[in-house]
Each structure stands twice: as structure tokens, then as C-alpha cells.
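Peer 1: My questions will all concern the structure given below.
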Number of protein chains: 2
Amino acid sequence: MGEQVHAPVTAYPAQAGGETGATPAGLRERKKALAMRRIQQVAIELFERDGFAAVSVEQVAEAAEVSPSSVYRYFGTKEGLVVHDEHDAVLLALAPSLLAEHDLVTAFDLGLRLIGAEHGIDLERTRRRTRLWFTVPSIRAAGLLMADEMTDALAHLASSGPRADHTFSQARVVVGSLVGAVMAALHQWYDDGMPEDMVDRMLEAVATVRQAMSRPTGPPQ
Amino acid sequence: MGEQVHAPVTAYPAQAGGETGATPAGLRERKKALAMRRIQQVAIELFERDGFAAVSVEQVAEAAEVSPSSVYRYFGTKEGLVVHDEHDAVLLALAPSLLAEHDLVTAFDLGLRLIGAEHGIDLERTRRRTRLWFTVPSIRAAGLLMADEMTDALAHLASSGPRADHTFSQARVVVGSLVGAVMAALHQWYDDGMPEDMVDRMLEAVATVRQAMSRPTGPPQ
DNA sequence: ACCAAAGTGACAGTGACTGTCAACCGACTG
DNA sequence: CAGTCGGTTGACAGTCACTGTCACTTTGGT
């Protein structure tokens, strides 16, 4: 029965109709997307100003002029207000074509550039969200769960397409390690004061892993 | 004020005195460790039987003959009852010596074997906890947060010791990718019905990453 | 205009989590 | 062995995240 799940982070409620282009067609969806953006904006500002714990979902709802019910419908959890990322859907939509033309690691590299560019457009927003990410444990947990689900989704795509040169099991491991590396890079980027080179950090991380792992240091004994 | 943090997972309350050998010295600590083990055992059984959501912390406390306050003091959150792992402290304690004698990836490999052996001793318990891990999103989130903190801790150790051939930044990325790979392997192990070869799966994962990442596929264009 | 479907807000209820405080117990002092 | 000191425990009260439900409204198609 009642229990604080903290979970349905990846339940992108707007994903229903299966979008293709940049701007959705339905007027209904557009309004929803707009409302979500406004609510998230308001929430992040309140969280940064007064502290995540000190702001209740009800306050966010009031400030955004919607009911608490709607906040939960849209974002699932309080943490979802911060970690929900509209660009995730874009990446997921683009992934198949990337994977059709490149090998896994290269496709990941390209996807990273794309996503990074999106985030670079509103870097200040990205900074605010990242600050909350590393400041509030429960937000980080929710974000990591999202990353985990993304890993799974990408591994599925990578192992199901035509050019798939990995089994699902292998793809999962490779994507998992890539995501792990990027997460670490994000952490380092945050520790360094979040300068403008976020994407470069992440790409560099992939390169670092490549180097460290390619050293032929077999299992000992 | 008042907020379900889901966080202090890595707060090993029993770690206070800085243990060295296998069995702690203080009688007080021993009782605490024993109580924690009993509580966790009871909790996991109840969760598996009735479902995580259907069992309240109060019920766990009652079944384990302690107060709810104590449960929270020991495990921090309801999820902590599942994800808390006594072996983590062991790994953390052993890591410095491993890192002093081997390079990062090799040390990780060895640590994996050790930890894996510990878990192999009570494989059924490990299976039960893993099942809950992948069944209940909030538990997975808590576990991922723990893994993240472990990553950080290991990266620190790897970059601070004498033999450190990585900066903290590099070590963090490498460990991050290794942990990511192992997590993916764990997921795959679960999907395959959790046979006896858990450790081998994880080691294989590291090898897979090594191979996938060593392919000289530089950034395109 | 009419209708079916989907979205919205109001409401009540559960339980996870926090902070506090008095009672208590194990560990060292003389 | 008595004393006492620091940390541990359990009781209690309070907050709020989250769930389920339902009447009401809005939207998109006829």
C-alpha cells in the first residue's frame, strides 16, 4: 500500500504518442510539455533558493499554479522534478540510426556530443540541476536509477539492430561501463566548478577508459 | 524538515572503532553487529514473503524485537535493510594493500574475487537480496547510490597510495567504468536465473570491457 | 453541437522519516 | 566493587511524500 517509491523516474508521461520530429504535433501534448517545463523551472529555483528538503511538493505546485496531483502525474516523485530530462527521449529516438551506422562505442561517443550540445544551450540550467544532483543524495539516487534504465534501453537497441556486433549481454556490459565512466566524469566536472567544457570531459573519460583497459594486464596468478 | 531521504546507505554505524581482524573486540560492537544481522535477515524474509511495499518498518522492528528507532539508526532507510552489506567494509579495508601491490584494474579484479567469495558463502542470501534489488526500483536506486559512493572511495584510495599511477580524476573514471560493468554483469546474472558462477560473470565483464574498449576506433570525422 | 477519451484537482489515508528526551547499559575509574 | 560517564535505546509526536479514487472539465473527432 502506501510507500515512497522514488522510482518511476523514467516514466516519461509525454512519450505516449511516439514523437518523431522536433516539435510534437498534438496541441494537447504541447501544452503538457510547456507545463512540465514551467513546473520544473519553478521547482529548481525553489530548491536552489531554500534547499530541497525545505520545499514541499505542495509549495512547488502552488508556485507553478497546478495541483500537487499534476506534479506527481508528470514527474512521479519529488526527485523527478530535478532529474527528469526532456533530452533523454531525443537520445533514445536518435540511438537506432546512430547504431545503424557506427559501432557501439563510436555511436555512444556521437550521442554524447548531441546530448551535450543540447545541454550546452542552457548551461546554467544544467549547472543548477547538477548542483542539486550532487548536493542531495536522494536526487543522485534517482538520477542513477535513471541512468541505469537508460543503460538497459541502449543495450537493447545496440543488440537488436541490424549491425549488432554484440549480444545483449555484452552490449549491456559495454554500455554500463561507458555510462559509469561518464557519470564519473560528470562528478569530476562538478568538483571542478562546472566550467564550459562538460562534453569534452565526458569524451575524455571514454578515452581514458579505453587506454586504461587496453593495457594487457591479464588476471594474475 | 521531514523528507524521505533514502540516503545514508553508506553510513556503516558499526565501523566506529576502526576494526582490523575478523571479529571485533568490543562486546558492545559484537552485539550490535549481531543485532544488525538478525534484523536484516528477518527483514529480507518478510520482504520476500509479503512484498517490500506491503511490509512496514514497524513490522520488521517488531519481528526482530527492536524498536523502529533502532532500525533507522542501524540502516538509515527501509531500503538500507536490503542494500546494507557488511562485506563492503572488508573490501574498503583490504583495498589499500591490494592497491599497493597491483595496478588499479588488477587490484579491482582481485577485490572482486574476494568479495565474490564472501558472497558465495551464503549464496542463497545473496540471491534473495539480488532478487529484491532488481524487483523493487527504490532498492535498486539505493544500491546504485551505494555503488557510487564506493566508486568514489575506491578512486580516492587508488589515487592517494604510494603506487598511484593515476590522478584522482582518472582513477574515478576508471573505477566508475569498472563498477558500471560489474553492475551490468550482475543484472545479466540475475536475468539468467542467478546460477553459481556470479564471480566469473563479473570477471568476464571486465574482460569484455577491456576488449571492447581496446579496439582503436577513435572519435569519428 | 455531441460524445468519448483523456486530463485535472480535491480529498482522505498510509507510512517513511525526523527530532527529542528520559531511561538504560556497557566500559573505564577509583 | 561502587561510581559515573558516554553512548545506545525506545517512546512519542509531528511532517510530508506518495497513493487511490472520483467528480468535473477540457480536448479532438464526428
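A note on labels: chains of the C-alpha cells are A, B, ... as shown, every chain counts residues from 1, and ligands are counted from 1 in their shown order.
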Per residue of chain D within 7 Å of chain B, record the nearest atom pair and its distance in Å to one decimal, counting only C-alpha atoms (C1' of nucleotides), with rows in chain order and ascending residue number, as a tab-separated table.

Peer 2:
residue	atom	partner	partner_atom	distance
D:DG10	C1'	B:Ser67	CA	6.0
D:DT15	C1'	B:Gly2	CA	5.3
D:DC16	C1'	B:Gly2	CA	6.3

Peer 1: Quick one: write out the picked residues with all heavy atoms as a PDB file, in the first residue's frame?

Peer 2:
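Full text of selection-v8.pdb as output:
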ATOM      1  P    DG D  10      15.561  -0.891  21.483  1.00  0.00           P
ATOM      2  OP1  DG D  10      15.290  -2.312  21.782  1.00  0.00           O
ATOM      3  OP2  DG D  10      15.823  -0.446  20.101  1.00  0.00           O
ATOM      4  O5'  DG D  10      14.361  -0.025  22.069  1.00  0.00           O
ATOM      5  C5'  DG D  10      14.065  -0.120  23.451  1.00  0.00           C
ATOM      6  C4'  DG D  10      13.055   0.932  23.833  1.00  0.00           C
ATOM      7  O4'  DG D  10      13.664   2.249  23.709  1.00  0.00           O
ATOM      8  C3'  DG D  10      11.789   0.979  22.981  1.00  0.00           C
ATOM      9  O3'  DG D  10      10.692   1.209  23.837  1.00  0.00           O
ATOM     10  C2'  DG D  10      12.041   2.166  22.048  1.00  0.00           C
ATOM     11  C1'  DG D  10      12.821   3.094  22.969  1.00  0.00           C
ATOM     12  N9   DG D  10      13.671   4.074  22.309  1.00  0.00           N
ATOM     13  C8   DG D  10      14.457   3.873  21.205  1.00  0.00           C
ATOM     14  N7   DG D  10      15.125   4.939  20.846  1.00  0.00           N
ATOM     15  C5   DG D  10      14.754   5.906  21.776  1.00  0.00           C
ATOM     16  C6   DG D  10      15.153   7.255  21.913  1.00  0.00           C
ATOM     17  O6   DG D  10      15.942   7.895  21.202  1.00  0.00           O
ATOM     18  N1   DG D  10      14.537   7.886  23.001  1.00  0.00           N
ATOM     19  C2   DG D  10      13.656   7.263  23.842  1.00  0.00           C
ATOM     20  N2   DG D  10      13.165   8.021  24.830  1.00  0.00           N
ATOM     21  N3   DG D  10      13.268   6.005  23.736  1.00  0.00           N
ATOM     22  C4   DG D  10      13.859   5.384  22.684  1.00  0.00           C
ATOM     23  P    DT D  15       3.467  19.355  12.475  1.00  0.00           P
ATOM     24  OP1  DT D  15       3.519  20.812  12.654  1.00  0.00           O
ATOM     25  OP2  DT D  15       2.169  18.654  12.347  1.00  0.00           O
ATOM     26  O5'  DT D  15       4.318  19.005  11.179  1.00  0.00           O
ATOM     27  C5'  DT D  15       5.727  19.054  11.260  1.00  0.00           C
ATOM     28  C4'  DT D  15       6.322  18.391  10.031  1.00  0.00           C
ATOM     29  O4'  DT D  15       6.248  16.960  10.176  1.00  0.00           O
ATOM     30  C3'  DT D  15       5.581  18.732   8.730  1.00  0.00           C
ATOM     31  O3'  DT D  15       6.537  19.086   7.748  1.00  0.00           O
ATOM     32  C2'  DT D  15       4.836  17.442   8.388  1.00  0.00           C
ATOM     33  C1'  DT D  15       5.760  16.397   8.982  1.00  0.00           C
ATOM     34  N1   DT D  15       5.112  15.101   9.323  1.00  0.00           N
ATOM     35  C2   DT D  15       5.688  13.924   8.898  1.00  0.00           C
ATOM     36  O2   DT D  15       6.708  13.892   8.247  1.00  0.00           O
ATOM     37  N3   DT D  15       5.028  12.793   9.273  1.00  0.00           N
ATOM     38  C4   DT D  15       3.867  12.715  10.005  1.00  0.00           C
ATOM     39  O4   DT D  15       3.359  11.630  10.284  1.00  0.00           O
ATOM     40  C5   DT D  15       3.308  13.986  10.425  1.00  0.00           C
ATOM     41  C7   DT D  15       2.049  14.001  11.221  1.00  0.00           C
ATOM     42  C6   DT D  15       3.955  15.110  10.069  1.00  0.00           C
ATOM     43  P    DC D  16       6.100  19.895   6.442  1.00  0.00           P
ATOM     44  OP1  DC D  16       7.179  20.847   6.123  1.00  0.00           O
ATOM     45  OP2  DC D  16       4.706  20.341   6.606  1.00  0.00           O
ATOM     46  O5'  DC D  16       6.122  18.753   5.342  1.00  0.00           O
ATOM     47  C5'  DC D  16       7.282  17.938   5.235  1.00  0.00           C
ATOM     48  C4'  DC D  16       6.977  16.727   4.397  1.00  0.00           C
ATOM     49  O4'  DC D  16       6.234  15.762   5.180  1.00  0.00           O
ATOM     50  C3'  DC D  16       6.114  17.011   3.160  1.00  0.00           C
ATOM     51  O3'  DC D  16       6.582  16.187   2.112  1.00  0.00           O
ATOM     52  C2'  DC D  16       4.744  16.538   3.598  1.00  0.00           C
ATOM     53  C1'  DC D  16       5.160  15.299   4.384  1.00  0.00           C
ATOM     54  N1   DC D  16       4.113  14.727   5.263  1.00  0.00           N
ATOM     55  C2   DC D  16       4.111  13.346   5.502  1.00  0.00           C
ATOM     56  O2   DC D  16       4.981  12.652   4.998  1.00  0.00           O
ATOM     57  N3   DC D  16       3.150  12.823   6.289  1.00  0.00           N
ATOM     58  C4   DC D  16       2.220  13.619   6.818  1.00  0.00           C
ATOM     59  N4   DC D  16       1.292  13.063   7.591  1.00  0.00           N
ATOM     60  C5   DC D  16       2.205  15.016   6.582  1.00  0.00           C
ATOM     61  C6   DC D  16       3.164  15.532   5.794  1.00  0.00           C
TER      62       DC D  16
END

Peer 1: Which polymer residues have any atom within 12 Å of an atom of DC21 in chain C, counting only C-alpha atoms (C1' of nucleotides), with same-chain residues fewer than 6 positions away left out, as a ChimeraX atom specification?

Peer 2: /D:9-13

Peer 1: Determine which residues of chain C sit within 10 Å of chain A, taking into account only C-alpha atoms (C1' of nucleotides), and present them as a CSV table (one decimal) with N, CA, C and O atoms (P, O5', C5', C4', C3', O3' and C1' of nucleotides), in the first residue's frame.

Peer 2:
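Saved file out35.csv follows:
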chain,number,residue,atom,x,y,z
C,6,DA,P,-7.9,7.4,-24.1
C,6,DA,O5',-7.1,8.6,-23.6
C,6,DA,C5',-7.1,9.8,-24.3
C,6,DA,C4',-7.0,11.0,-23.4
C,6,DA,C3',-6.1,10.8,-22.2
C,6,DA,O3',-5.0,11.7,-22.1
C,6,DA,C1',-8.1,11.9,-21.6
C,7,DG,P,-4.0,11.7,-21.0
C,7,DG,O5',-4.5,13.0,-20.2
C,7,DG,C5',-4.6,14.3,-20.9
C,7,DG,C4',-5.1,15.4,-20.0
C,7,DG,C3',-4.2,15.5,-18.7
C,7,DG,O3',-4.1,16.9,-18.5
C,7,DG,C1',-6.5,15.1,-18.2
C,8,DT,P,-3.2,17.3,-17.2
C,8,DT,O5',-4.3,17.7,-16.2
C,8,DT,C5',-5.3,18.8,-16.5
C,8,DT,C4',-6.2,19.1,-15.3
C,8,DT,C3',-5.4,19.2,-14.0
C,8,DT,O3',-5.6,20.5,-13.5
C,8,DT,C1',-7.3,17.8,-13.8
C,9,DG,P,-4.8,21.0,-12.3
C,9,DG,O5',-5.8,20.8,-11.1
C,9,DG,C5',-7.0,21.4,-11.2
C,9,DG,C4',-7.9,21.0,-10.0
C,9,DG,C3',-7.4,21.1,-8.6
C,9,DG,O3',-8.4,21.5,-7.8
C,9,DG,C1',-8.0,18.9,-9.0
C,10,DA,P,-8.1,22.1,-6.3
C,10,DA,O5',-8.9,21.2,-5.4
C,10,DA,C5',-10.3,21.0,-5.7
C,10,DA,C4',-10.9,19.9,-4.9
C,10,DA,C3',-10.4,19.9,-3.4
C,10,DA,O3',-11.5,19.7,-2.6
C,10,DA,C1',-10.0,17.8,-4.4
C,13,DG,P,-10.0,9.3,6.0
C,13,DG,O5',-8.8,8.2,5.7
C,13,DG,C5',-8.9,7.3,4.7
C,13,DG,C4',-7.5,6.8,4.4
C,13,DG,C3',-6.6,6.5,5.6
C,13,DG,O3',-6.2,5.2,5.6
C,13,DG,C1',-5.5,7.8,4.0
C,14,DT,P,-5.5,4.5,6.9
C,14,DT,O5',-4.1,4.2,6.4
C,14,DT,C5',-3.9,3.6,5.1
C,14,DT,C4',-2.4,3.7,4.7
C,14,DT,C3',-1.5,3.3,5.8
C,14,DT,O3',-0.6,2.3,5.3
C,14,DT,C1',-0.9,5.4,4.9
C,15,DG,P,0.2,1.3,6.3
C,15,DG,O5',1.7,1.9,6.3
C,15,DG,C5',2.3,2.2,5.1
C,15,DG,C4',3.5,3.1,5.2
C,15,DG,C3',4.3,2.9,6.5
C,15,DG,O3',5.7,3.2,6.1
C,15,DG,C1',3.6,5.1,6.5
C,16,DA,P,6.8,2.1,6.1
C,16,DA,O5',8.1,3.0,5.5
C,16,DA,C5',8.0,3.6,4.3
C,16,DA,C4',8.7,4.9,4.3
C,16,DA,C3',10.0,5.0,5.0
C,16,DA,O3',10.9,5.8,4.3
C,16,DA,C1',8.5,6.6,6.0

Peer 1: Restricting the calculation to only C-alpha atoms: of B:Pro96, B:Gly51, B:Pro195, B:Pro162, which residue gets closest to chain A?

Peer 2: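 Nearest to chain A: B:Gly51.
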
Peer 1: What gap, in Å, lies between CA of Val173 in chain B and CA of Ala205 in chain A?

Peer 2: 6.2 Å
